[in-house]
Amino acid sequence: MSGVVDVSRKYPDKLTLLQRLYIPEILRGMAVTLGHLVRNLANYKGLPTIFYPEQKRNYSGRFRGKHILKTREDGSLKCVACYMCQQACPAECITIVAGEHPKIAYEKYPVVFDIDMMRCVFCGFCVDACPKDAIWMTRNYEMAFFTREDAIFSIDRLRERPEEILQHGYGYRPYYPGDGTNPPSDASRLPVVPGGGERPRLRSEGVPLPDRDPGPGPLNAPSQAQRPFSA
Amino acid sequence: MALFGGKGSLPAHQGPPAGGPQGADFLVTRLEEMVGWARKNSLWPFPFATACCGIEFMSVAAPHYDIARFGSEVMRFSPRQADLLIVAGTVTDKLAPVLRKIYDQMPEPKWVVSMGVCASSGGFYRAYHVTQGIDEIVPVDVYVPGCPPTPEQLIHAILRLREKITSGEKSRDSRSARFAAGGA
Amino acid sequence: MTVAEAGILSPAAEKLRERVAASPAGPRAEVLDLDLPTVEVGPEDWLALARFLRDDPGCRYELFIDLCGVDNLKRRGPKSRFETVVHLHSFVKNEHVRVRVVLPDTPDAKPTLPSVESVWPAADWFEREAYDLYGFQFTGHPNLHRILCHDAFVGHALRKDYAPGQRWFYAEEDLRFPEWAKETDVRAGHFETQTISIGPSHPATHGIIHIVARLDGERIVRAETIIGYLHRCFEKMAEKHHWNQVIPYTDRLNYVSSMINGVGYVRTVEKMLGLTIPDRGRLVRTILSEFSRIMDHCVCIGANLVDIGALTNFTYLYQNRENIYSLLEACCGARLTVSYVRVGGLAIDIPDDFDARCRGLLESIPPFLEDVDKLVSNNRIVRNRFSGTGLVSRDQAVAWGLTGPMLRASGVPYDVRRARPYDFYDKFDWDVPIAQDGDNFARYLVRMEEMRQSLKIIRQALDVLPKSGPVNSDDWHVVLPPKDAVYHDMESLIYHFKLVMEGIRVPPGERYEWIEGGTGELGFYAVSDGRGGPYRLKVRPPCFPNMAAFEKMIVGGTVSDAVASLGTLNIIAGELDR
């Protein structure tokens, strides 16, 4: 039958005498495993193991990690408490309480903005749903808690902080610098090893991480490709 | 403790657990430091892997991240021989008695890591058959968020657990202490 | 007057109407032409019609695909509250058919219909599930007990009047052991057989499966599987959410190849909407689905070999997974549960170096496969453990409703990608691997070859993938508009707001769409009532009939053969229990 390949007889049913003796097969198998061992010893830098926490993996600029609430130039949150992220979240982990903003132009602001990290599935729907560029995700995954109450992040822990971004970097975000239709994932900065497959590069190897150094000026400068909003 | 090198760093806002060296109502002696060092460097996990987090746990055991670097060379599938119960994945009401039995069968000292949001709180399954967090059944030492947590996230949690082990605190003490103090 | 109202049917439905008219149920059955030819009968005719559909030479619907219930309490239009929807497949005609058994309303809301387990043994577990979740009484069923929910559960969970969060307390004593397990059985006058439980917490039961086995020495004389330890109520959760919000739940069905579930689900919704996706989006879906299939087989083979003691292969095959994780993470931000698809296309466009990354993977995956091959395929121990164990003949495979590598290793060349091509599979040059023996070694060979065929498909797809272009449909009634439009343009903001707040408005109707998952035919049956989310969503899990066959496969073999066979089934508990 065309388009169908029968693999039943790919290997003969009956093993040859050498194969049944088993010792030659052991040696052939050990050649494979010892080959890996020797190659790894000779090329220690090429080991696939990532020695966390001394080495950290370069996740892409689209990594869905801990959320941050973006701020405007004056330091207030961009969030206008429209409840779209709360509605979009499949896990119902976002709790928002809206309050009246003193400036008429902004109307509302979140008095309470809690994300329960113990419910969040890190799907990124909140980032997709936000119409105000107010919630992004970072490459920060280093969260572990001793109690469940500790896992409810409120505004003070979610607000964007320069030191956190310097340490971890931006991740999944709705608005990308440059071409708005094809978001880059920074992956082009990672060298691809031909023949050996792509191996995630390690920070210890001196690969510069994009967006890590915000450059001259504050984080919220227009050079970060934020256009002013009409509101 | 600095003698044996502490790996990993704590974020600024979360210190070591209360009841540890600085908030202590008990003394950590040299002998207990040695015992803590031995225990934390030879954690043998019992991978109670139920769902997707189980696959990420297998990634942690695979050569890319290699939990054997931290002393967890062997996965012990018998609770009698394990001291770290890693609950990876959703626990349903049907599985809950099994989990409790496994926990009871483990000898002291034992620690529990709740890996993933399903094990910690039920995750986004607010449903008729899902246990909303294994702390309904067993006392948990470390909760790891993520769905599934990346292997680094799990290793980070195990490093924090190691600090807890060194401090000698057990999760039951902190829970009962909080209850006694009138907290949640 | 529409075509449907005029009573003009498509050729397939017309042929079906002719055959059904000749069946015992003829006068009382009604044939409709929906997305699939559909026969509507009452419960009194169902068993006779079932036998006819299986045996009549003009029908030959031998492969049992799915059986599910639907509760029409909150929906206008259907004739009665409960209905049972059955899907069947005919190899000879290469088509699916749907049968809707309309259950008349009873005062105590306990609808009754005959069991078709005598016609298709595969229906056994599907009917148990319908009993568990809806309360249908299947007369003549050999073992009508709860299968997914625990045994202290009260009520029927998928009924529309059951609150989604209502839990029941369950203790260990409540577990229902099979009746035969409690009897003593003395053989040869003085040897008593022993009944043990393999699992639910066992290194070899991937996910949590509980096998109650009666042993005569080392041989299994009878077995029954208890599942449901990971029943996470996917279908109830789907009814609570919007169409797009179900996508993270679908990721966690077959979590080792999560992209494929998402693709299957959104295809169903897109077909209900009549939406066309740009070629680039479809090609990306195909490429990533094939990589996910490779990941699935790597885990299956790796875990299977670990169970029989060959530990090194796990490390080699997991390296393949890690490399593919790098690709998936660069595309969408998550390694395992990708949530990359959306109804109408993908969540975001692929990165610029997608092609380079994929080609790097095409170079790096084959050496690991060859290493595993060298270690395993001619190894005497592996041959002794795998060859001749877990035998499934061709007739058994079809009767038990198996699909995927399990069916293909027994000699039936049924692959959805070839039988009903979607997303360009018919444009590429690739082969469907089959084997004739039906034992564990045959399944191992089929999966290894499937990985190589997947690499072939990916290479061809990469050659035709356009360098740029949209990946999403441009219908803003379905797809979120681009962010810079949302920030500046009023109409886009309105579309965005309506989609997020209310969900996608899918016209009322039903649809069954199926694709080839890593373990077999993965189908989604969706019913919409016009709201923003599914009214009913049934997953046809390929693992479900595979697992049901397991307890029949292992009888007569030893416990160690059972462990080897369980690995080749590729049971993913997230899909099995949903």
# chains A, B, ... in the order shown; residues from 1 in each chain; ligands from 1

call {"tool": "residues_around", "arguments": {"residues": "region 155-159 of chain B", "least_positions_apart": "2", "cutoff": "8 Å", "atoms": "only C-alpha atoms", "output": "short mmCIF file (atom, residue, chain, number, x, y, z; two decimals) with C-alpha atoms, in the first residue's frame"}}
result
data_model
loop_
_atom_site.label_atom_id
_atom_site.label_comp_id
_atom_site.auth_asym_id
_atom_site.auth_seq_id
_atom_site.Cartn_x
_atom_site.Cartn_y
_atom_site.Cartn_z
CA TYR A 52 21.37 26.12 38.60
CA PRO A 53 21.67 28.33 40.71
CA GLU A 142 12.06 32.37 41.52
CA MET A 143 9.08 32.15 43.78
CA ALA A 144 8.60 29.55 46.46
CA PHE A 145 6.52 30.06 49.53
CA LYS B 7 23.61 28.24 47.35
CA GLY B 8 20.81 30.29 45.96
CA VAL B 60 14.53 17.86 36.82
CA ILE B 67 18.65 16.98 40.77
CA VAL B 113 7.00 19.98 48.70
CA VAL B 142 7.24 24.54 50.57
CA TYR B 143 4.71 25.58 47.96
CA VAL B 144 5.98 26.00 44.43
CA PRO B 151 12.72 22.92 36.67
CA GLU B 152 14.71 25.87 37.95
CA GLN B 153 11.69 26.92 39.97
CA LEU B 161 13.58 23.89 51.72
CA ARG B 162 17.21 23.16 52.51
CA GLU B 163 17.40 26.42 54.43
#

call {"tool": "interface_residues", "arguments": {"of": "chain C", "to": "chain A", "cutoff": "7 Å", "atoms": "only C-alpha atoms", "output": "VMD selection string"}}
result
chain C and resid 245 248 323 329 to 330 332 to 334 339 349 351 to 353 357 360 to 361 363 to 364 371 374 to 375 378 to 380 430 to 437 442 445 to 446 483 to 484 486 to 487 500 to 501

call {"tool": "interface_residues", "arguments": {"of": "chain B", "to": "chain C", "cutoff": "8 Å", "atoms": "only C-alpha atoms", "output": "compact mmCIF listing (two decimals) with C-alpha atoms, in the first residue's frame"}}
result
# COMPACT_ATOMS: atom_id res chain seq x y z
CA PHE B 48 4.27 11.51 43.89
CA ALA B 49 3.82 12.52 40.28
CA THR B 50 0.27 12.65 39.10
CA ALA B 51 0.03 15.06 36.17
CA CYS B 52 1.93 17.60 34.09
CA ILE B 55 6.71 15.53 33.58
CA GLU B 56 8.59 18.63 34.70
CA SER B 59 12.91 16.95 33.54
CA ALA B 62 16.95 14.24 33.55
CA PRO B 63 20.51 15.37 32.71
CA HIS B 64 19.53 18.90 31.72
CA PHE B 77 9.39 4.80 45.09
CA THR B 90 -3.28 17.64 40.81
CA VAL B 91 -4.54 15.60 43.72
CA THR B 92 -8.16 14.58 43.32
CA ASP B 93 -10.53 13.55 46.05
CA LYS B 94 -10.18 9.96 44.90
CA LEU B 95 -6.43 10.10 45.29
CA PRO B 97 -6.54 8.93 50.90
CA VAL B 98 -3.69 7.40 48.93
CA TYR B 125 -9.68 23.41 38.76
CA ARG B 126 -12.32 24.74 41.08
CA ALA B 127 -14.18 21.51 40.55
CA TYR B 128 -16.19 18.77 42.13
CA HIS B 129 -13.44 16.18 42.24
CA VAL B 130 -10.28 18.16 42.90
CA CYS B 147 1.83 25.53 36.00
CA PRO B 148 4.04 23.61 35.67
CA THR B 150 10.05 25.31 35.43

call {"tool": "select_by_dssp", "arguments": {"residues": "region 58-147 of chain B", "states": "strand (DSSP E)", "output": "PyMOL selection string"}}
result
chain B and resi 84-88+111-115+142-144

call {"tool": "closest_residue", "arguments": {"among": "B:Ala61, B:Val74, B:Val87, B:Met106", "to": "chain A", "atoms": "only C-alpha atoms"}}
result
B:Ala61

call {"tool": "residues_around", "arguments": {"residues": "region 105-117 of chain C", "least_positions_apart": "5", "cutoff": "10 Å", "atoms": "only C-alpha atoms", "output": "PyMOL selection string"}}
result
chain C and resi 42-48+50-51+79-84+122-128+131+134-142+144

call {"tool": "write_last_selection", "arguments": {"atoms": "N, CA and C atoms", "output": "short mmCIF file (atom, residue, chain, number, x, y, z; two decimals), in the first residue's frame"}}
result
data_model
loop_
_atom_site.label_atom_id
_atom_site.label_comp_id
_atom_site.auth_asym_id
_atom_site.auth_seq_id
_atom_site.Cartn_x
_atom_site.Cartn_y
_atom_site.Cartn_z
N GLY C 42 -34.75 6.28 18.92
CA GLY C 42 -35.14 6.19 20.31
C GLY C 42 -34.42 5.01 20.95
N PRO C 43 -34.46 4.91 22.27
CA PRO C 43 -33.72 3.83 22.93
C PRO C 43 -34.21 2.43 22.57
N GLU C 44 -35.48 2.31 22.20
CA GLU C 44 -35.98 0.95 21.94
C GLU C 44 -35.38 0.38 20.67
N ASP C 45 -34.94 1.23 19.73
CA ASP C 45 -34.38 0.75 18.47
C ASP C 45 -32.87 0.73 18.47
N TRP C 46 -32.26 1.22 19.53
CA TRP C 46 -30.83 1.49 19.48
C TRP C 46 -30.03 0.21 19.30
N LEU C 47 -30.36 -0.83 20.04
CA LEU C 47 -29.52 -2.03 19.97
C LEU C 47 -29.61 -2.67 18.58
N ALA C 48 -30.83 -2.74 18.03
CA ALA C 48 -30.96 -3.35 16.70
C ALA C 48 -30.23 -2.51 15.66
N ALA C 50 -27.68 -0.66 16.22
CA ALA C 50 -26.24 -0.80 16.43
C ALA C 50 -25.71 -2.04 15.72
N ARG C 51 -26.43 -3.14 15.89
CA ARG C 51 -25.95 -4.38 15.22
C ARG C 51 -25.97 -4.21 13.72
N LYS C 79 -35.42 17.86 21.59
CA LYS C 79 -36.75 17.35 21.93
C LYS C 79 -36.85 16.91 23.37
N SER C 80 -35.77 16.39 23.94
CA SER C 80 -35.88 15.90 25.31
C SER C 80 -34.65 16.36 26.08
N ARG C 81 -34.69 16.12 27.40
CA ARG C 81 -33.61 16.65 28.22
C ARG C 81 -32.30 15.92 27.96
N PHE C 82 -32.37 14.61 27.91
CA PHE C 82 -31.11 13.87 27.80
C PHE C 82 -30.99 13.23 26.43
N GLU C 83 -29.81 13.18 25.93
CA GLU C 83 -29.55 12.42 24.72
C GLU C 83 -28.16 11.82 24.82
N THR C 84 -28.01 10.70 24.12
CA THR C 84 -26.71 10.03 24.07
C THR C 84 -26.20 10.16 22.64
N ALA C 122 -15.72 -1.99 23.01
CA ALA C 122 -15.14 -0.71 23.41
C ALA C 122 -16.13 0.19 24.13
N ALA C 123 -17.43 -0.07 23.93
CA ALA C 123 -18.43 0.81 24.53
C ALA C 123 -18.52 0.66 26.04
N ASP C 124 -17.94 -0.38 26.56
CA ASP C 124 -18.00 -0.69 27.99
C ASP C 124 -17.69 0.52 28.86
N TRP C 125 -16.46 1.03 28.74
CA TRP C 125 -16.06 2.13 29.61
C TRP C 125 -16.75 3.43 29.26
N PHE C 126 -17.05 3.65 27.97
CA PHE C 126 -17.74 4.90 27.62
C PHE C 126 -19.12 4.94 28.28
N GLU C 127 -19.79 3.77 28.33
CA GLU C 127 -21.11 3.76 28.95
C GLU C 127 -21.01 3.93 30.46
N ARG C 128 -19.96 3.37 31.03
CA ARG C 128 -19.77 3.59 32.47
C ARG C 128 -19.57 5.07 32.75
N TYR C 131 -22.82 6.83 32.59
CA TYR C 131 -23.59 6.55 33.80
C TYR C 131 -23.08 7.40 34.96
N TYR C 134 -23.79 11.28 34.02
CA TYR C 134 -25.15 11.70 33.69
C TYR C 134 -26.22 10.88 34.36
N GLY C 135 -25.90 9.64 34.76
CA GLY C 135 -26.93 8.82 35.38
C GLY C 135 -27.73 7.98 34.42
N PHE C 136 -27.25 7.82 33.18
CA PHE C 136 -27.98 6.96 32.24
C PHE C 136 -27.88 5.52 32.72
N GLN C 137 -29.01 4.81 32.65
CA GLN C 137 -29.01 3.41 33.04
C GLN C 137 -28.88 2.58 31.77
N PHE C 138 -27.76 1.91 31.62
CA PHE C 138 -27.55 1.08 30.44
C PHE C 138 -27.93 -0.35 30.79
N THR C 139 -29.03 -0.82 30.25
CA THR C 139 -29.47 -2.18 30.58
C THR C 139 -28.61 -3.18 29.82
N GLY C 140 -28.21 -4.23 30.54
CA GLY C 140 -27.39 -5.25 29.90
C GLY C 140 -25.90 -4.98 30.00
N HIS C 141 -25.51 -3.94 30.69
CA HIS C 141 -24.08 -3.67 30.82
C HIS C 141 -23.47 -4.58 31.88
N PRO C 142 -22.31 -5.17 31.61
CA PRO C 142 -21.78 -6.15 32.56
C PRO C 142 -21.28 -5.54 33.88
N LEU C 144 -21.85 -1.93 35.46
CA LEU C 144 -22.22 -0.52 35.44
C LEU C 144 -21.96 0.11 36.80
#

call {"tool": "residues_around", "arguments": {"residues": "Asp116 (chain A)", "least_positions_apart": "5", "cutoff": "7 Å", "atoms": "only C-alpha atoms", "output": "list in words"}}
result
Cys93, Ile94, Ala151, Ile152 and Phe153 of chain A

call {"tool": "write_last_selection", "arguments": {"atoms": "C-alpha atoms", "output": "mmCIF file, in the first residue's frame"}}
result
data_model
loop_
_atom_site.group_PDB
_atom_site.id
_atom_site.type_symbol
_atom_site.label_atom_id
_atom_site.label_comp_id
_atom_site.auth_asym_id
_atom_site.auth_seq_id
_atom_site.Cartn_x
_atom_site.Cartn_y
_atom_site.Cartn_z
ATOM 1 C CA CYS A 93 -6.819 34.486 40.397
ATOM 2 C CA ILE A 94 -6.921 38.276 39.957
ATOM 3 C CA ALA A 151 1.571 33.706 47.722
ATOM 4 C CA ILE A 152 -1.009 36.452 47.292
ATOM 5 C CA PHE A 153 0.870 39.237 45.583
#
